[in-house]
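Source file: work.txt; contents: compact mmCIF, C-alpha atoms.
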```
# COMPACT_ATOMS: atom_id res chain seq x y z
CA ILE A 64 14.20 -6.15 5.20
CA GLY A 65 10.94 -7.23 3.56
CA CYS A 66 9.04 -6.01 0.53
CA PRO A 67 7.50 -2.88 2.16
CA ALA A 68 10.79 -1.54 3.51
CA SER A 69 12.55 -2.37 0.25
CA VAL A 70 10.00 -0.46 -1.84
CA ILE A 71 9.93 2.62 0.39
CA THR A 72 13.72 2.92 0.63
CA ALA A 73 14.09 2.49 -3.13
CA PHE A 74 12.15 5.70 -3.78
CA ALA A 75 12.33 7.86 -0.65
CA LYS A 76 15.66 9.34 0.49
CA ARG A 77 16.98 11.82 3.03
CA GLY A 78 15.07 15.11 2.84
CA ASP A 79 12.02 13.65 1.09
CA LEU A 80 8.58 13.83 2.69
CA LEU A 81 6.36 10.89 3.67
CA LEU A 82 2.79 11.33 4.87
CA MET A 83 1.96 8.03 6.53
CA ASP A 84 -1.16 6.58 8.09
CA ASP A 85 -0.33 6.03 11.76
CA ALA A 86 -1.69 2.48 11.65
CA CYS A 87 0.79 1.30 9.00
CA HIS A 88 2.45 -1.95 10.03
CA TYR A 89 5.97 -2.48 11.37
CA LEU A 90 7.81 -3.16 8.10
CA MET A 91 6.41 0.02 6.56
CA THR A 92 7.47 2.10 9.55
CA GLN A 93 10.91 0.49 9.33
CA GLY A 94 11.07 1.46 5.66
CA ALA A 95 10.29 5.06 6.58
CA LEU A 96 13.00 5.01 9.25
CA LEU A 97 15.60 3.49 6.93
CA SER A 98 14.82 5.99 4.18
CA ARG A 99 15.84 8.86 6.52
CA SER A 100 12.98 10.89 5.05
CA ASN A 101 10.89 13.40 6.96
CA VAL A 102 7.72 11.66 8.16
CA ILE A 103 4.37 13.21 9.05
CA TRP A 104 1.90 10.78 10.61
CA TYR A 105 -1.80 11.40 10.06
CA ALA A 106 -4.65 9.91 12.10
CA HIS A 107 -5.65 6.47 10.91
CA ASN A 108 -7.86 6.52 7.81
CA ASN A 109 -8.81 10.13 8.55
CA MET A 110 -8.88 11.95 5.22
CA GLU A 111 -9.64 15.27 6.88
CA ALA A 112 -6.43 14.94 8.94
CA LEU A 113 -4.48 13.98 5.83
CA GLU A 114 -5.80 16.94 3.85
CA SER A 115 -5.00 19.27 6.73
CA ALA A 116 -1.41 17.96 6.77
CA LEU A 117 -1.14 18.44 3.00
CA GLN A 118 -2.38 22.01 3.26
CA THR A 119 0.02 22.76 6.12
CA VAL A 120 2.98 21.46 4.11
CA ASN A 121 1.96 23.60 1.13
CA GLU A 122 1.68 26.72 3.30
CA GLN A 123 5.03 26.13 5.00
CA CYS A 124 6.78 25.56 1.68
CA ALA A 125 5.24 28.72 0.20
CA GLN A 126 6.42 30.79 3.18
CA SER A 127 9.95 29.36 3.30
CA ASN A 128 10.48 28.99 -0.46
CA ALA A 129 11.91 25.54 0.29
CA ALA A 130 13.42 23.39 -2.43
CA LEU A 131 11.06 20.90 -4.05
CA THR A 132 11.48 17.34 -2.73
CA ARG A 133 9.91 13.99 -3.52
CA ARG A 134 6.63 13.59 -1.66
CA PHE A 135 4.65 10.43 -0.94
CA ILE A 136 1.41 9.38 0.72
CA ILE A 137 1.89 5.91 2.22
CA THR A 138 -0.92 3.59 3.27
CA GLU A 139 -2.22 0.02 3.25
CA GLY A 140 -5.18 -1.41 1.36
CA VAL A 141 -6.46 -3.54 4.23
CA PHE A 142 -4.59 -2.57 7.38
CA HIS A 143 -2.58 -5.29 9.07
CA ASN A 144 -3.06 -3.77 12.53
CA THR A 145 -6.77 -2.90 12.37
CA GLY A 146 -8.35 -4.92 9.56
CA ASP A 147 -10.19 -1.97 8.01
CA ILE A 148 -10.00 -0.77 4.41
CA CYS A 149 -8.34 2.45 3.30
CA ARG A 150 -10.40 5.16 1.59
CA LEU A 151 -8.68 4.70 -1.75
CA PRO A 152 -10.84 6.98 -3.95
CA LYS A 153 -10.27 9.91 -1.57
CA LEU A 154 -6.54 9.14 -1.34
CA ILE A 155 -6.29 9.24 -5.13
CA GLU A 156 -8.19 12.53 -5.23
CA LEU A 157 -5.85 14.10 -2.67
CA LYS A 158 -2.62 12.80 -4.17
CA GLU A 159 -3.61 14.16 -7.59
CA ARG A 160 -4.72 17.52 -6.20
CA TYR A 161 -1.56 18.06 -4.13
CA LYS A 162 0.79 16.27 -6.57
CA TYR A 163 2.07 13.50 -4.33
CA ARG A 164 2.84 9.91 -5.24
CA LEU A 165 0.69 7.21 -3.63
CA VAL A 166 2.41 4.13 -2.19
CA MET A 167 0.18 1.26 -1.04
CA ASP A 168 0.80 -2.14 0.52
CA ASP A 169 -2.09 -4.36 -0.59
CA SER A 170 -0.89 -7.62 0.95
CA HIS A 171 -4.05 -8.23 3.00
CA ALA A 172 -6.54 -7.13 0.33
CA LEU A 173 -5.31 -8.97 -2.76
CA GLY A 174 -7.42 -12.10 -3.15
CA THR A 175 -9.50 -11.43 -0.02
CA ILE A 176 -11.81 -8.42 -0.40
CA HIS A 177 -11.43 -8.64 -4.20
CA ALA A 178 -9.49 -10.73 -6.68
CA LYS A 179 -7.63 -7.55 -7.72
CA GLY A 180 -7.20 -6.17 -4.23
CA THR A 181 -8.25 -2.73 -3.03
CA PRO A 182 -8.28 -1.11 -6.50
CA GLY A 183 -10.64 -3.84 -7.68
CA PHE A 184 -12.81 -3.42 -4.58
CA PHE A 185 -13.27 0.29 -5.37
CA ASN A 186 -13.32 -0.25 -9.15
CA VAL A 187 -10.34 2.01 -9.83
CA ARG A 188 -7.39 1.34 -12.12
CA HIS A 189 -4.20 0.01 -10.55
CA ASP A 190 -2.17 2.71 -12.29
CA LYS A 191 -3.88 5.30 -10.07
CA VAL A 192 -1.60 3.91 -7.32
CA ASP A 193 1.94 4.97 -8.21
CA MET A 194 3.72 2.21 -6.27
CA TYR A 195 1.48 -0.79 -5.66
CA PHE A 196 3.06 -3.70 -3.81
CA ALA A 197 2.08 -6.79 -1.89
CA GLY A 198 3.61 -9.73 -0.13
CA MET A 199 2.96 -13.10 -1.76
CA ASP A 200 2.73 -14.92 1.58
CA LYS A 201 -0.94 -14.12 2.21
CA ALA A 202 -3.70 -15.07 -0.26
CA LEU A 203 -1.13 -15.95 -2.94
CA ALA A 204 0.20 -18.74 -0.69
CA SER A 205 3.85 -18.37 -1.61
CA THR A 206 6.90 -16.31 -0.54
CA GLY A 207 8.43 -12.97 -1.48
CA GLY A 208 6.67 -9.91 -2.81
CA PHE A 209 6.18 -7.74 -5.88
CA CYS A 210 5.89 -4.06 -6.80
CA LEU A 211 3.87 -2.63 -9.69
CA GLY A 212 4.20 0.76 -11.33
CA ASN A 213 4.89 2.42 -14.64
CA LYS A 214 7.98 1.60 -16.72
CA GLU A 215 10.20 4.19 -15.04
CA ILE A 216 9.15 3.11 -11.53
CA THR A 217 9.70 -0.60 -12.12
CA HIS A 218 13.06 0.06 -13.79
CA HIS A 219 14.20 2.13 -10.81
CA GLN A 220 12.91 -0.51 -8.40
CA THR A 221 14.94 -3.17 -10.20
CA LEU A 222 18.12 -1.12 -9.81
CA SER A 223 17.55 0.32 -6.32
CA GLY A 224 15.36 -2.03 -4.28
CA ALA A 225 17.57 -3.55 -1.57
CA GLY A 226 15.26 -6.54 -1.23
CA TYR A 227 15.75 -7.24 -4.94
CA VAL A 228 19.43 -6.39 -5.33
CA PHE A 229 20.69 -8.16 -2.20
CA SER A 230 18.55 -11.30 -2.22
CA ALA A 231 18.39 -14.44 -4.31
CA SER A 232 15.79 -15.05 -6.98
CA ALA A 233 12.57 -16.70 -5.88
CA PRO A 234 12.53 -20.49 -6.33
CA PRO A 235 10.74 -21.52 -9.53
CA PHE A 236 8.08 -23.49 -7.64
CA SER A 237 7.18 -20.34 -5.65
CA CYS A 238 6.70 -18.37 -8.86
CA VAL A 239 4.59 -21.12 -10.40
CA ALA A 240 2.46 -21.26 -7.24
CA VAL A 241 1.73 -17.53 -7.51
CA GLN A 242 0.95 -17.81 -11.23
CA THR A 243 -1.48 -20.63 -10.47
CA VAL A 244 -3.24 -18.67 -7.70
CA LEU A 245 -3.52 -15.58 -9.93
CA ALA A 246 -5.04 -17.71 -12.69
CA LEU A 247 -7.55 -19.17 -10.22
CA LEU A 248 -8.42 -15.69 -8.93
CA ALA A 249 -8.97 -14.47 -12.48
CA GLU A 250 -11.44 -17.31 -13.07
CA HIS A 251 -13.07 -17.81 -9.67
CA GLY A 252 -12.15 -14.63 -7.77
CA LYS A 253 -15.68 -13.56 -6.86
CA GLU A 254 -16.51 -16.97 -5.46
CA TYR A 255 -13.28 -17.23 -3.44
CA CYS A 256 -13.55 -13.72 -2.01
CA ARG A 257 -17.19 -14.30 -1.05
CA GLN A 258 -16.12 -17.45 0.81
CA VAL A 259 -13.41 -15.53 2.65
CA MET A 260 -15.97 -12.93 3.76
CA ASP A 261 -18.41 -15.66 4.83
CA ASN A 262 -15.66 -17.34 6.87
CA ALA A 263 -14.72 -14.03 8.48
CA THR A 264 -18.35 -13.37 9.43
CA LEU A 265 -18.64 -16.87 10.88
CA MET A 266 -15.47 -16.37 12.93
CA ARG A 267 -16.60 -13.01 14.30
CA THR A 268 -19.98 -14.47 15.24
CA ALA A 269 -18.35 -17.42 17.01
CA LEU A 270 -16.00 -15.12 18.95
CA ARG A 271 -18.89 -12.89 20.04
CA ASP A 272 -20.81 -15.93 21.20
CA VAL A 273 -18.00 -16.87 23.59
CA GLY A 274 -17.56 -13.33 24.86
CA GLY A 275 -14.82 -12.17 22.50
CA ASP A 276 -14.54 -8.47 21.67
```
This structure in structure tokens:
Amino acid sequence: IGCPASVITAFAKRGDLLLMDDACHYLMTQGALLSRSNVIWYAHNNMEALESALQTVNEQCAQSNAALTRRFIITEGVFHNTGDICRLPKLIELKERYKYRLVMDDSHALGTIHAKGTPGFFNVRHDKVDMYFAGMDKALASTGGFCLGNKEITHHQTLSGAGYVFSASAPPFSCVAVQTVLALLAEHGKEYCRQVMDNATLMRTALRDVGGD
């Protein structure tokens, strides 16, 4: 079911609440569906819409005296479907103010916009993102995926993540490939990410020159 769906379903269950960016990619939406949680979609990268949804949920819960459930804000670092970057500092501010957990897929940001992904790009600590995960088939040039969090989160993920429990271990050469790429990013990350941005600019320019949108 893929890393994103495996992570979401490991933590979110029936009756929980997910506030999701409406540009999240297919595997994330499948994770939300499989979790059987209640999902509220907010307009893509619109922090005003997200905050309005958070306020509405608070008001409805106060009026109904509803039981407390697990609540998550779910987003991507660099969006698969649009290519833009999430507003991570504002997301962290909102999740801390309203007491939600932040779940982020950083597959397209890690090793591209920054050697440490979106948190590195915004110069924030990774532990500000409660569940940080990424596929290793993008800049890390391997297969599989990983999820980072505190001790309790990673322990729960090990026991409850369907993608971990019901799949085989990654081949050793795939793990070594990822370790090698991470070591290279630690040493030459700025140079590599700058080259990626230069290549992207060159591609956009070339497409515009031939009439691409």
Could you tell me which of A:Pro182, A:Gly224, A:Pro234, A:Gly146 comes closest to Tyr195 (chain A) if we count only C-alpha atoms? A:Pro182
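Using only C-alpha atoms, the smallest distance between any of A:Thr138, A:Phe196, A:Met167, A:Ala129 and Asn109 (chain A) comes from A:Thr138.
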For a quick check of your reading of the model, name the residues lying within 12 Å of the coordinate (-3.6, 1.4, -9.7), counting all atoms listed in the file, and write them as a PyMOL selection string. chain A and resi 140+151-152+154-155+164-169+179-196+210-213
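What separates CA of Thr92 (chain A) from CA of Glu122 (chain A) is a distance of 26.1 Å.
Going from CA of Ala95 (chain A) to CA of Ala112 (chain A) covers 19.6 Å.
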3 Å per side around region 124-130 of chain A: axis-aligned box centre and edge lengths, as JSON:
```
{"center_x": 9.3, "center_y": 27.1, "center_z": 0.4, "size_x": 14.2, "size_y": 13.4, "size_z": 11.7}
```
Selection near Asp85 (chain A), 6 Å with all atoms listed in the file, sequence-local residues under 5 positions removed, as number ranges by chain: A: 104-107
CA of Asp79 (chain A) and CA of Gly65 (chain A) are how many Å apart? 21.1 Å
What's around Cys87 (chain A) at 9 Å? Count all atoms listed in the file, leave out sequence neighbours fewer than 4 positions away in its own chain, and write the answer as an MDAnalysis selection string. chainID A and resid 83 91:92 107 137:139 142:144
How about saving the chosen residues, C-alpha atoms kept, as a JSON list (two decimals), in the frame of the given file?
```json
[["chain", "number", "residue", "atom", "x", "y", "z"],
["A", 83, "MET", "CA", 1.96, 8.03, 6.53],
["A", 91, "MET", "CA", 6.41, 0.02, 6.56],
["A", 92, "THR", "CA", 7.47, 2.10, 9.55],
["A", 107, "HIS", "CA", -5.65, 6.47, 10.91],
["A", 137, "ILE", "CA", 1.89, 5.91, 2.22],
["A", 138, "THR", "CA", -0.92, 3.59, 3.27],
["A", 139, "GLU", "CA", -2.22, 0.02, 3.25],
["A", 142, "PHE", "CA", -4.59, -2.57, 7.38],
["A", 143, "HIS", "CA", -2.58, -5.29, 9.07],
["A", 144, "ASN", "CA", -3.06, -3.77, 12.53]]
```
